[in-house]
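Student: Dropping in my_file-v1.txt, with compact mmCIF, C-alpha atoms and all ligand atoms.
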# COMPACT_ATOMS: atom_id res chain seq x y z
CA MET A 4 0.78 -17.47 -13.89
CA VAL A 5 2.26 -20.56 -12.29
CA TRP A 6 1.11 -21.09 -8.68
CA VAL A 7 -1.07 -17.96 -8.90
CA SER A 8 -3.74 -18.43 -11.56
CA GLY A 9 -6.10 -21.21 -10.59
CA TRP A 10 -9.83 -21.34 -11.25
CA ARG A 11 -10.62 -18.76 -8.54
CA LEU A 12 -8.48 -16.02 -10.11
CA ALA A 13 -9.29 -16.93 -13.73
CA SER A 14 -13.06 -17.06 -13.17
CA ALA A 15 -13.06 -13.84 -11.11
CA ALA A 16 -11.18 -12.03 -13.90
CA SER A 17 -13.55 -13.36 -16.57
CA ASN A 18 -16.60 -12.50 -14.47
CA ALA A 19 -15.33 -8.93 -14.10
CA GLY A 20 -14.94 -8.44 -17.85
CA CYS A 21 -11.34 -9.52 -18.51
CA LEU A 22 -10.10 -12.71 -20.13
CA GLY A 23 -9.06 -14.87 -17.17
CA LEU A 24 -6.29 -17.42 -17.75
CA LEU A 25 -5.50 -20.64 -15.94
CA GLY A 26 -1.75 -21.06 -15.42
CA ALA A 27 -1.27 -24.68 -16.46
CA GLY A 28 2.53 -24.57 -16.12
CA SER A 29 2.30 -25.56 -12.45
CA MET A 30 -0.40 -28.20 -12.99
CA ARG A 31 -0.27 -31.86 -13.85
CA PRO A 32 -2.78 -32.84 -16.56
CA GLU A 33 -5.52 -34.10 -14.22
CA LEU A 34 -5.26 -31.02 -12.01
CA LEU A 35 -5.62 -28.82 -15.09
CA ARG A 36 -8.76 -30.76 -16.04
CA GLU A 37 -10.18 -30.13 -12.55
CA HIS A 38 -9.39 -26.40 -12.76
CA ILE A 39 -10.98 -26.10 -16.21
CA ARG A 40 -14.17 -27.75 -14.94
CA LYS A 41 -14.29 -25.63 -11.77
CA CYS A 42 -13.67 -22.48 -13.82
CA ARG A 43 -16.61 -23.39 -16.09
CA GLN A 44 -18.84 -23.75 -13.04
CA ALA A 45 -17.69 -20.38 -11.66
CA THR A 46 -18.14 -18.33 -14.85
CA ASP A 47 -20.18 -18.41 -18.02
CA GLN A 48 -17.71 -15.98 -19.63
CA PRO A 49 -14.79 -17.01 -21.87
CA PHE A 50 -11.51 -17.92 -20.19
CA GLY A 51 -8.25 -19.37 -21.49
CA VAL A 52 -5.42 -21.70 -20.50
CA ASN A 53 -1.74 -20.76 -20.61
CA ILE A 54 0.65 -23.56 -21.50
CA PRO A 55 4.38 -22.77 -21.27
CA LEU A 56 5.87 -25.01 -23.97
CA LEU A 57 9.23 -25.43 -22.23
CA TYR A 58 7.80 -27.87 -19.65
CA LYS A 59 8.13 -31.54 -20.45
CA HIS A 60 4.48 -32.24 -19.68
CA ALA A 61 3.26 -29.59 -22.18
CA PRO A 62 2.06 -32.24 -24.71
CA GLU A 63 -0.19 -33.80 -22.04
CA LEU A 64 -1.58 -30.37 -21.09
CA ILE A 65 -2.34 -29.74 -24.78
CA GLN A 66 -4.22 -33.03 -24.84
CA VAL A 67 -6.34 -31.94 -21.86
CA VAL A 68 -7.33 -28.59 -23.42
CA LEU A 69 -8.34 -30.46 -26.58
CA GLU A 70 -10.39 -33.01 -24.64
CA GLU A 71 -12.02 -30.33 -22.49
CA GLN A 72 -12.76 -28.16 -25.54
CA VAL A 73 -11.19 -25.05 -24.07
CA GLN A 74 -11.86 -22.03 -26.33
CA ILE A 75 -8.61 -20.08 -25.94
CA VAL A 76 -4.99 -21.16 -25.40
CA VAL A 77 -2.04 -18.89 -24.67
CA SER A 78 1.20 -20.67 -25.54
CA SER A 79 4.47 -19.26 -24.24
CA ALA A 80 8.17 -20.04 -23.86
CA GLY A 81 8.49 -22.07 -27.02
CA ASN A 82 8.03 -22.38 -30.75
CA PRO A 83 4.63 -21.02 -31.94
CA ARG A 84 4.63 -23.49 -34.84
CA LEU A 85 4.50 -26.49 -32.51
CA TYR A 86 0.79 -26.55 -31.63
CA THR A 87 -0.95 -23.56 -33.22
CA ALA A 88 -2.41 -25.36 -36.24
CA ARG A 89 -3.45 -28.43 -34.25
CA LEU A 90 -5.27 -26.32 -31.67
CA GLN A 91 -6.91 -24.17 -34.34
CA GLU A 92 -8.15 -27.27 -36.20
CA ALA A 93 -10.05 -28.06 -32.98
CA GLY A 94 -11.62 -24.57 -33.07
CA ILE A 95 -9.35 -23.10 -30.40
CA LYS A 96 -8.07 -19.51 -30.65
CA VAL A 97 -4.32 -19.35 -30.04
CA LEU A 98 -2.31 -16.43 -28.64
CA HIS A 99 1.46 -16.73 -28.42
CA VAL A 100 3.75 -14.79 -26.06
CA CYS A 101 6.74 -13.04 -27.70
CA GLY A 102 9.57 -10.96 -26.25
CA THR A 103 10.90 -9.41 -29.47
CA ALA A 104 9.55 -7.98 -32.72
CA ALA A 105 11.44 -10.71 -34.63
CA PHE A 106 9.66 -13.40 -32.63
CA THR A 107 6.36 -11.57 -33.18
CA ALA A 108 6.93 -11.96 -36.91
CA LYS A 109 7.47 -15.72 -36.38
CA ALA A 110 4.26 -16.06 -34.34
CA HIS A 111 2.43 -14.10 -37.06
CA THR A 112 3.72 -16.48 -39.75
CA ALA A 113 2.90 -19.50 -37.57
CA GLY A 114 -0.73 -18.34 -37.73
CA ALA A 115 -1.34 -17.25 -34.14
CA ASP A 116 -4.73 -15.52 -33.82
CA ALA A 117 -3.24 -12.82 -31.61
CA ILE A 118 0.15 -12.05 -30.12
CA ILE A 119 1.11 -11.09 -26.59
CA CYS A 120 4.26 -8.95 -26.54
CA GLU A 121 5.97 -9.09 -23.18
CA GLY A 122 8.72 -6.65 -22.22
CA MET A 123 11.62 -7.42 -19.89
CA GLU A 124 9.97 -5.63 -16.95
CA ALA A 125 7.63 -8.59 -16.65
CA GLY A 126 7.58 -11.02 -13.75
CA GLY A 127 8.57 -14.63 -14.39
CA HIS A 128 10.31 -16.04 -17.45
CA ASN A 129 11.68 -13.45 -19.85
CA SER A 130 13.12 -13.19 -23.31
CA ARG A 131 16.94 -13.24 -23.60
CA GLU A 132 16.96 -10.05 -25.65
CA GLU A 133 15.68 -7.91 -22.76
CA ILE A 134 13.57 -5.44 -24.75
CA THR A 135 11.42 -3.09 -22.67
CA THR A 136 7.68 -2.89 -23.26
CA LEU A 137 8.00 0.74 -24.37
CA CYS A 138 10.37 -0.28 -27.16
CA LEU A 139 8.82 -3.65 -27.98
CA ILE A 140 5.22 -2.62 -28.71
CA PRO A 141 5.81 -0.12 -31.53
CA GLN A 142 8.37 -2.43 -33.19
CA ALA A 143 6.17 -5.52 -32.85
CA ARG A 144 3.24 -3.51 -34.24
CA GLN A 145 5.20 -3.16 -37.47
CA GLU A 146 5.43 -6.95 -37.77
CA THR A 147 1.77 -7.86 -37.47
CA ASP A 148 -1.71 -6.54 -38.13
CA LYS A 149 -3.18 -9.15 -35.78
CA PRO A 150 -4.53 -8.21 -32.35
CA LEU A 151 -1.55 -7.34 -30.17
CA VAL A 152 -1.62 -7.52 -26.39
CA ALA A 153 1.06 -5.68 -24.41
CA ALA A 154 2.54 -7.15 -21.23
CA GLY A 155 5.27 -6.20 -18.81
CA GLY A 156 5.18 -3.34 -16.33
CA ILE A 157 1.45 -2.66 -16.66
CA ALA A 158 -0.40 -2.38 -13.35
CA SER A 159 -2.62 0.71 -13.68
CA GLY A 160 -5.30 2.07 -15.97
CA ALA A 161 -2.89 4.80 -17.11
CA ALA A 162 -0.35 2.13 -18.15
CA ILE A 163 -3.05 0.30 -20.13
CA LEU A 164 -3.82 3.55 -21.95
CA ALA A 165 -0.09 4.09 -22.57
CA VAL A 166 0.41 0.73 -24.30
CA MET A 167 -2.72 1.25 -26.36
CA ALA A 168 -1.28 4.61 -27.45
CA LEU A 169 1.80 2.68 -28.62
CA GLY A 170 -0.28 0.41 -30.83
CA ALA A 171 -1.46 -2.42 -28.58
CA ASP A 172 -5.09 -3.58 -28.72
CA GLY A 173 -5.12 -4.75 -25.13
CA ALA A 174 -2.99 -5.44 -22.08
CA GLN A 175 -2.00 -8.50 -20.06
CA LEU A 176 -1.38 -7.81 -16.38
CA GLY A 177 0.50 -10.39 -14.32
CA SER A 178 2.11 -9.03 -11.16
CA ARG A 179 -0.90 -6.83 -10.37
CA PHE A 180 -3.22 -9.87 -10.40
CA ALA A 181 -0.76 -11.96 -8.37
CA LEU A 182 -1.60 -9.54 -5.56
CA THR A 183 -5.36 -10.06 -5.43
CA GLN A 184 -7.52 -11.92 -2.94
CA GLU A 185 -8.29 -14.62 -5.52
CA SER A 186 -4.62 -15.26 -6.41
CA SER A 187 -3.38 -18.56 -4.96
CA ALA A 188 0.04 -17.10 -4.11
CA HIS A 189 1.02 -17.52 -0.45
CA PRO A 190 0.23 -14.54 1.87
CA ALA A 191 3.94 -14.25 2.75
CA PHE A 192 4.80 -13.91 -0.95
CA LYS A 193 2.13 -11.23 -1.39
CA GLN A 194 3.46 -9.34 1.66
CA ALA A 195 7.05 -9.53 0.38
CA VAL A 196 5.89 -8.00 -2.92
CA ILE A 197 4.06 -5.21 -1.09
CA GLU A 198 7.28 -4.41 0.79
CA ALA A 199 9.40 -4.47 -2.41
CA GLY A 200 10.72 -1.20 -3.80
CA GLU A 201 11.43 -0.19 -7.38
CA ALA A 202 14.88 -1.82 -7.47
CA ASP A 203 14.05 -5.02 -5.61
CA THR A 204 13.58 -7.27 -8.66
CA ASP A 205 16.17 -8.42 -11.15
CA LEU A 206 16.68 -10.84 -14.02
CA ALA A 207 18.58 -13.94 -12.99
CA LEU A 208 19.44 -17.28 -14.57
CA ARG A 209 20.24 -15.74 -17.97
CA ALA A 210 22.34 -18.81 -18.88
CA VAL A 211 19.33 -21.10 -18.33
CA THR A 212 16.10 -19.12 -18.93
CA PRO A 213 16.04 -15.51 -17.72
CA VAL A 214 13.59 -15.06 -14.83
CA ARG A 215 12.61 -11.81 -13.11
CA MET A 216 12.37 -12.34 -9.38
CA LEU A 217 12.70 -10.59 -6.04
CA ARG A 218 16.26 -10.19 -4.73
CA ASN A 219 15.98 -12.66 -1.86
CA ALA A 220 18.59 -15.03 -0.43
CA LEU A 221 18.10 -17.49 -3.31
CA TYR A 222 18.65 -14.68 -5.83
CA HIS A 223 21.95 -13.71 -4.15
CA GLN A 224 23.10 -17.35 -4.23
CA ILE A 225 22.32 -17.51 -7.96
CA LYS A 226 24.14 -14.22 -8.58
CA ALA A 227 27.22 -15.45 -6.70
CA MET A 228 27.29 -18.55 -8.92
CA GLU A 229 26.80 -16.41 -12.03
CA GLN A 230 29.69 -14.14 -11.03
CA GLN A 231 31.86 -17.26 -10.91
CA ASP A 232 30.69 -18.15 -14.44
CA ALA A 233 28.74 -21.20 -13.31
CA SER A 234 27.57 -23.31 -16.24
CA ALA A 235 23.92 -23.69 -17.20
CA GLU A 236 24.10 -27.30 -15.92
CA ALA A 237 25.48 -26.19 -12.55
CA LEU A 238 22.74 -23.57 -12.20
CA ARG A 239 20.06 -26.08 -13.20
CA GLU A 240 21.37 -28.56 -10.67
CA PHE A 241 21.50 -25.92 -7.93
CA MET A 242 17.93 -24.79 -8.63
CA GLY A 243 16.61 -28.37 -8.69
CA GLN A 244 12.86 -28.81 -8.87
CA GLY A 245 10.03 -26.87 -7.29
CA ARG A 246 11.73 -23.55 -6.46
CA SER A 247 8.82 -21.44 -7.75
CA ARG A 248 6.30 -23.60 -5.86
CA ARG A 249 8.32 -23.09 -2.66
CA GLY A 250 8.52 -19.34 -3.14
CA ILE A 251 5.18 -18.38 -4.62
CA PHE A 252 2.82 -21.07 -3.32
CA GLU A 253 4.43 -22.14 -0.05
CA GLY A 254 5.83 -18.74 0.95
CA ASP A 255 9.45 -19.79 1.48
CA LEU A 256 10.90 -16.29 1.18
CA ALA A 257 14.55 -17.35 1.54
CA GLU A 258 14.96 -20.45 -0.61
CA GLY A 259 12.03 -20.11 -3.00
CA GLU A 260 11.98 -18.39 -6.41
CA LEU A 261 9.86 -15.25 -5.94
CA GLU A 262 8.78 -14.41 -9.51
CA ILE A 263 7.39 -10.88 -9.84
CA GLY A 264 7.70 -7.91 -12.20
CA GLN A 265 9.53 -4.60 -11.86
CA ILE A 266 6.19 -2.88 -11.27
CA ALA A 267 6.09 -4.61 -7.84
CA GLY A 268 7.43 -1.32 -6.47
CA THR A 269 4.01 0.28 -7.05
CA LEU A 270 1.91 -2.51 -5.51
CA THR A 271 0.71 -1.69 -2.02
CA ASP A 272 -2.48 -3.68 -1.48
CA ILE A 273 -4.35 -6.92 -2.12
CA PRO A 274 -7.75 -6.00 -3.58
CA THR A 275 -10.41 -8.39 -4.86
CA VAL A 276 -10.34 -8.83 -8.64
CA LYS A 277 -13.62 -6.93 -8.91
CA GLU A 278 -12.24 -3.97 -6.95
CA LEU A 279 -9.05 -4.01 -9.00
CA ILE A 280 -10.83 -3.96 -12.34
CA GLN A 281 -13.11 -1.11 -11.25
CA ARG A 282 -9.99 0.80 -10.18
CA LEU A 283 -8.25 0.12 -13.50
CA GLN A 284 -11.30 1.43 -15.37
CA THR A 285 -11.41 4.61 -13.24
CA GLU A 286 -7.66 5.19 -13.73
CA TYR A 287 -7.93 4.58 -17.49
CA SER A 288 -10.76 7.13 -17.82
CA ALA A 289 -8.95 9.70 -15.67
CA ALA A 290 -5.74 9.35 -17.72
CA HIS A 291 -7.71 9.57 -20.96
CA THR A 292 -9.51 12.73 -19.83
CA ARG A 293 -6.26 14.31 -18.62
CA LEU A 294 -4.47 13.63 -21.91
CA HIS A 295 -7.42 14.76 -23.99
CA ALA A 296 -7.48 18.05 -22.10
CA SER A 297 -3.82 18.61 -22.93
CA LEU A 298 -4.45 18.57 -26.69
C1 LIG A 301 4.30 -15.21 -10.44
C2 LIG A 301 4.25 -15.16 -11.94
C3 LIG A 301 4.12 -16.33 -12.65
C4 LIG A 301 4.07 -16.29 -14.06
N1 LIG A 301 3.89 -17.46 -14.74
C5 LIG A 301 3.74 -17.42 -16.09
C6 LIG A 301 3.45 -18.61 -16.81
O1 LIG A 301 3.30 -19.70 -16.25
N2 LIG A 301 3.32 -18.52 -18.17
C7 LIG A 301 3.44 -17.32 -18.84
O2 LIG A 301 3.29 -17.29 -20.06
N3 LIG A 301 3.72 -16.19 -18.17
C8 LIG A 301 3.85 -16.21 -16.81
N4 LIG A 301 4.09 -15.05 -16.14
C9 LIG A 301 4.12 -13.78 -16.90
C10 LIG A 301 2.71 -13.17 -16.93
O3 LIG A 301 1.85 -14.01 -17.66
C11 LIG A 301 2.69 -11.78 -17.57
O4 LIG A 301 3.00 -11.81 -18.93
C12 LIG A 301 3.66 -10.86 -16.86
O5 LIG A 301 3.51 -10.98 -15.46
C13 LIG A 301 3.37 -9.43 -17.29
O6 LIG A 301 4.24 -8.53 -16.68
P1 LIG A 301 3.96 -7.86 -15.23
O7 LIG A 301 4.38 -8.88 -14.23
O8 LIG A 301 4.83 -6.67 -15.23
O9 LIG A 301 2.49 -7.55 -15.18
C14 LIG A 301 4.17 -15.06 -14.74
C15 LIG A 301 4.30 -13.88 -13.99
C16 LIG A 301 4.35 -13.92 -12.62
C17 LIG A 301 4.47 -12.63 -11.85
Show this structure as structure tokens.

Tutor:
Amino acid sequence: MVWVSGWRLASAASNAGCLGLLGAGSMRPELLREHIRKCRQATDQPFGVNIPLLYKHAPELIQVVLEEQVQIVVSSAGNPRLYTARLQEAGIKVLHVCGTAAFTAKAHTAGADAIICEGMEAGGHNSREEITTLCLIPQARQETDKPLVAAGGIASGAAILAVMALGADGAQLGSRFALTQESSAHPAFKQAVIEAGEADTDLALRAVTPVRMLRNALYHQIKAMEQQDASAEALREFMGQGRSRRGIFEGDLAEGELEIGQIAGTLTDIPTVKELIQRLQTEYSAAHTRLHASL
């Protein structure tokens, strides 16, 4: 996650038994190199790097993961054919993020080692087709026999069990980890998410790239422009550069872009990653036991 997943969060997640990811989308190449090296010092467990392909500096970030011999890359927001083969030739496992079953089929054909299927509940950039996780997973499962990771709206052990029941092999949690001690999001951003209710996020910027965010002052300005049929260029110009940094990293709650998922309504605390993962395991077991008893 941009502005959230630095080496502290990624290494803590990997140390606690998950696959931690560095969010390279908000890093320049040399900063990514520094985070990869710090992450290696902080964990001896595998971790990965996410590279959103829509950013213009993506090719340089790819170069850094090749030079630093990262083991796992998650590519998102772009064509899975662009880098998959090149990364795999260097021995890197590649997962690609998809928002539809049709795109899952493309990532499968492009040779991705595993596919992350992200529903429209998810925080941050979203697919235009707006398919929910509940509908996406079973349909995507029909398109690939590769490992499938569900994302979007998952923030509890019971939700992890639910997506596995639908055919996923694992789960990717974003918003839940944005609200941990190790997340580099600003405390004001974390507090705003804690205060958010179930209806306090929405998809905006559909004409540019749909983004799920909190309904703050910036969101209402965007919506007003959208209601007046503002063009993609006008919206891009209005947003300018650095809105997500202002919102997530610097805590500008009015003018910043506050990316978070619909599940924000359930988030009420800021645990350490270790506490969170223990809680997820307990919840998963309890849900499993409860469902088993109902057979
Ligand atoms: C603040 C924030 C930043 C994100 N940045 C990225 C990103 O840079 N690249 C990416 O592939 N996904 C990004 N995501 C999406 C997450 O990786 C994940 O798929 C999503 O949060 C899952 O849905 P959830 O928020 O309901 O858990 C971001 C999500 C959030 C909340």

Student: List all protein, DNA and RNA residues that have at least one atom no more than 9 Å from any atom of ligand LIG 301 (chain A), counting all atoms listed in the file, and write them as a PyMOL selection string.

Tutor: chain A and resi 4-8+24-29+53-55+77-80+99-100+119-129+153-158+174-181+188+215-216+247+251+261-267

Student: Keeping only C-alpha atoms, write the selected residues as a PDB file, keeping the file's coordinate frame.

Tutor:
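New file again.pdb:
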ATOM      1  CA  MET A   4       0.780 -17.470 -13.890  1.00  0.00           C
ATOM      2  CA  VAL A   5       2.260 -20.560 -12.290  1.00  0.00           C
ATOM      3  CA  TRP A   6       1.110 -21.090  -8.680  1.00  0.00           C
ATOM      4  CA  VAL A   7      -1.070 -17.960  -8.900  1.00  0.00           C
ATOM      5  CA  SER A   8      -3.740 -18.430 -11.560  1.00  0.00           C
ATOM      6  CA  LEU A  24      -6.290 -17.420 -17.750  1.00  0.00           C
ATOM      7  CA  LEU A  25      -5.500 -20.640 -15.940  1.00  0.00           C
ATOM      8  CA  GLY A  26      -1.750 -21.060 -15.420  1.00  0.00           C
ATOM      9  CA  ALA A  27      -1.270 -24.680 -16.460  1.00  0.00           C
ATOM     10  CA  GLY A  28       2.530 -24.570 -16.120  1.00  0.00           C
ATOM     11  CA  SER A  29       2.300 -25.560 -12.450  1.00  0.00           C
ATOM     12  CA  ASN A  53      -1.740 -20.760 -20.610  1.00  0.00           C
ATOM     13  CA  ILE A  54       0.650 -23.560 -21.500  1.00  0.00           C
ATOM     14  CA  PRO A  55       4.380 -22.770 -21.270  1.00  0.00           C
ATOM     15  CA  VAL A  77      -2.040 -18.890 -24.670  1.00  0.00           C
ATOM     16  CA  SER A  78       1.200 -20.670 -25.540  1.00  0.00           C
ATOM     17  CA  SER A  79       4.470 -19.260 -24.240  1.00  0.00           C
ATOM     18  CA  ALA A  80       8.170 -20.040 -23.860  1.00  0.00           C
ATOM     19  CA  HIS A  99       1.460 -16.730 -28.420  1.00  0.00           C
ATOM     20  CA  VAL A 100       3.750 -14.790 -26.060  1.00  0.00           C
ATOM     21  CA  ILE A 119       1.110 -11.090 -26.590  1.00  0.00           C
ATOM     22  CA  CYS A 120       4.260  -8.950 -26.540  1.00  0.00           C
ATOM     23  CA  GLU A 121       5.970  -9.090 -23.180  1.00  0.00           C
ATOM     24  CA  GLY A 122       8.720  -6.650 -22.220  1.00  0.00           C
ATOM     25  CA  MET A 123      11.620  -7.420 -19.890  1.00  0.00           C
ATOM     26  CA  GLU A 124       9.970  -5.630 -16.950  1.00  0.00           C
ATOM     27  CA  ALA A 125       7.630  -8.590 -16.650  1.00  0.00           C
ATOM     28  CA  GLY A 126       7.580 -11.020 -13.750  1.00  0.00           C
ATOM     29  CA  GLY A 127       8.570 -14.630 -14.390  1.00  0.00           C
ATOM     30  CA  HIS A 128      10.310 -16.040 -17.450  1.00  0.00           C
ATOM     31  CA  ASN A 129      11.680 -13.450 -19.850  1.00  0.00           C
ATOM     32  CA  ALA A 153       1.060  -5.680 -24.410  1.00  0.00           C
ATOM     33  CA  ALA A 154       2.540  -7.150 -21.230  1.00  0.00           C
ATOM     34  CA  GLY A 155       5.270  -6.200 -18.810  1.00  0.00           C
ATOM     35  CA  GLY A 156       5.180  -3.340 -16.330  1.00  0.00           C
ATOM     36  CA  ILE A 157       1.450  -2.660 -16.660  1.00  0.00           C
ATOM     37  CA  ALA A 158      -0.400  -2.380 -13.350  1.00  0.00           C
ATOM     38  CA  ALA A 174      -2.990  -5.440 -22.080  1.00  0.00           C
ATOM     39  CA  GLN A 175      -2.000  -8.500 -20.060  1.00  0.00           C
ATOM     40  CA  LEU A 176      -1.380  -7.810 -16.380  1.00  0.00           C
ATOM     41  CA  GLY A 177       0.500 -10.390 -14.320  1.00  0.00           C
ATOM     42  CA  SER A 178       2.110  -9.030 -11.160  1.00  0.00           C
ATOM     43  CA  ARG A 179      -0.900  -6.830 -10.370  1.00  0.00           C
ATOM     44  CA  PHE A 180      -3.220  -9.870 -10.400  1.00  0.00           C
ATOM     45  CA  ALA A 181      -0.760 -11.960  -8.370  1.00  0.00           C
ATOM     46  CA  ALA A 188       0.040 -17.100  -4.110  1.00  0.00           C
ATOM     47  CA  ARG A 215      12.610 -11.810 -13.110  1.00  0.00           C
ATOM     48  CA  MET A 216      12.370 -12.340  -9.380  1.00  0.00           C
ATOM     49  CA  SER A 247       8.820 -21.440  -7.750  1.00  0.00           C
ATOM     50  CA  ILE A 251       5.180 -18.380  -4.620  1.00  0.00           C
ATOM     51  CA  LEU A 261       9.860 -15.250  -5.940  1.00  0.00           C
ATOM     52  CA  GLU A 262       8.780 -14.410  -9.510  1.00  0.00           C
ATOM     53  CA  ILE A 263       7.390 -10.880  -9.840  1.00  0.00           C
ATOM     54  CA  GLY A 264       7.700  -7.910 -12.200  1.00  0.00           C
ATOM     55  CA  GLN A 265       9.530  -4.600 -11.860  1.00  0.00           C
ATOM     56  CA  ILE A 266       6.190  -2.880 -11.270  1.00  0.00           C
ATOM     57  CA  ALA A 267       6.090  -4.610  -7.840  1.00  0.00           C
TER      58      ALA A 267
END

Student: Counting only C-alpha atoms, which residue out of A:Ala15, A:Ala235, A:Ala195, A:Ala88 sits closest to Asp47 in chain A?

Tutor: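 Of all the options, A:Ala15 lies closest to Asp47 in chain A.
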
Student: Counting all atoms listed in the file, what is within 9 Å of Pro32 in chain A, bar same-chain residues fewer than 2 positions away, as a PDB file with C-alpha atoms, in the coordinates of the input?

Tutor:
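Below is the file that was written, around05.pdb:
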ATOM      1  CA  ALA A  27      -1.270 -24.680 -16.460  1.00  0.00           C
ATOM      2  CA  MET A  30      -0.400 -28.200 -12.990  1.00  0.00           C
ATOM      3  CA  LEU A  34      -5.260 -31.020 -12.010  1.00  0.00           C
ATOM      4  CA  LEU A  35      -5.620 -28.820 -15.090  1.00  0.00           C
ATOM      5  CA  ARG A  36      -8.760 -30.760 -16.040  1.00  0.00           C
ATOM      6  CA  GLU A  37     -10.180 -30.130 -12.550  1.00  0.00           C
ATOM      7  CA  HIS A  60       4.480 -32.240 -19.680  1.00  0.00           C
ATOM      8  CA  ALA A  61       3.260 -29.590 -22.180  1.00  0.00           C
ATOM      9  CA  GLU A  63      -0.190 -33.800 -22.040  1.00  0.00           C
ATOM     10  CA  LEU A  64      -1.580 -30.370 -21.090  1.00  0.00           C
ATOM     11  CA  ILE A  65      -2.340 -29.740 -24.780  1.00  0.00           C
ATOM     12  CA  GLN A  66      -4.220 -33.030 -24.840  1.00  0.00           C
ATOM     13  CA  VAL A  67      -6.340 -31.940 -21.860  1.00  0.00           C
TER      14      VAL A  67
END

Student: Grab the CA of Tyr86 in chain A to CA of Ala171 in chain A distance for me, in Å with one decimal place.

Tutor: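 Computed distance, CA of Tyr86 in chain A to CA of Ala171 in chain A, equals 24.4 Å.
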
Student: CA of Gly51 in chain A to CA of Ile118 in chain A: how many Å, to one decimal?

Tutor: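 That distance, rounded to one decimal, is 14.1 Å.
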
Student: Leaving out Lys41 in chain A and any residue of its chain fewer than 4 positions from it, which residues lie within 9 Å of it when counting all atoms listed in the file, given as an MDAnalysis selection string?

Tutor: chainID A and resid 10:11 14 36:37 45:46

Student: Take CA of Leu151 in chain A and CA of Glu286 in chain A and report the distance between them in Å, one decimal.

Tutor: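 A separation of 21.6 Å between them.
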
Student: For Arg89 in chain A, which of A:Gly20, A:Pro274, A:Gly160, A:Pro62 is the closest residue, counting all atoms listed in the file?

Tutor: A:Pro62

Student: Which neighbours of Arg218 in chain A fall inside 6 Å, counting only C-alpha atoms, when residues of the same chain fewer than 4 positions from it are skipped, and could you give them as a ChimeraX atom specification?

Tutor: /A:203-204,222

Student: Just the selected residues (C-alpha atoms), exported as a PDB file, in the coordinates of the input, please.

Tutor:
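Saved the output as part14.pdb:
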ATOM      1  CA  ASP A 203      14.050  -5.020  -5.610  1.00  0.00           C
ATOM      2  CA  THR A 204      13.580  -7.270  -8.660  1.00  0.00           C
ATOM      3  CA  TYR A 222      18.650 -14.680  -5.830  1.00  0.00           C
TER       4      TYR A 222
END

Student: Considering all atoms listed in the file, can you say which of A:Gly81, A:Ala257, A:Ala165, A:His38 comes closest to Ala191 in chain A?

Tutor: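 Residue with the minimum atom-to-atom distance to Ala191 in chain A: A:Ala257.
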
Student: Which residue, A:Glu278, A:Glu133, A:Asp255, A:Glu236, has the smallest gap to Gln184 in chain A when you use all atoms listed in the file?

Tutor: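 Looking at the shortest contact to Gln184 in chain A, the residue is A:Glu278.
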
Student: List as a PyMOL selection string the protein and nucleic acid residues near Gly268 in chain A, meaning an atom at most 7 Å away when all atoms listed in the file are counted, but skip any in the same chain fewer than 3 places from it.

Tutor: chain A and resi 199-201+265
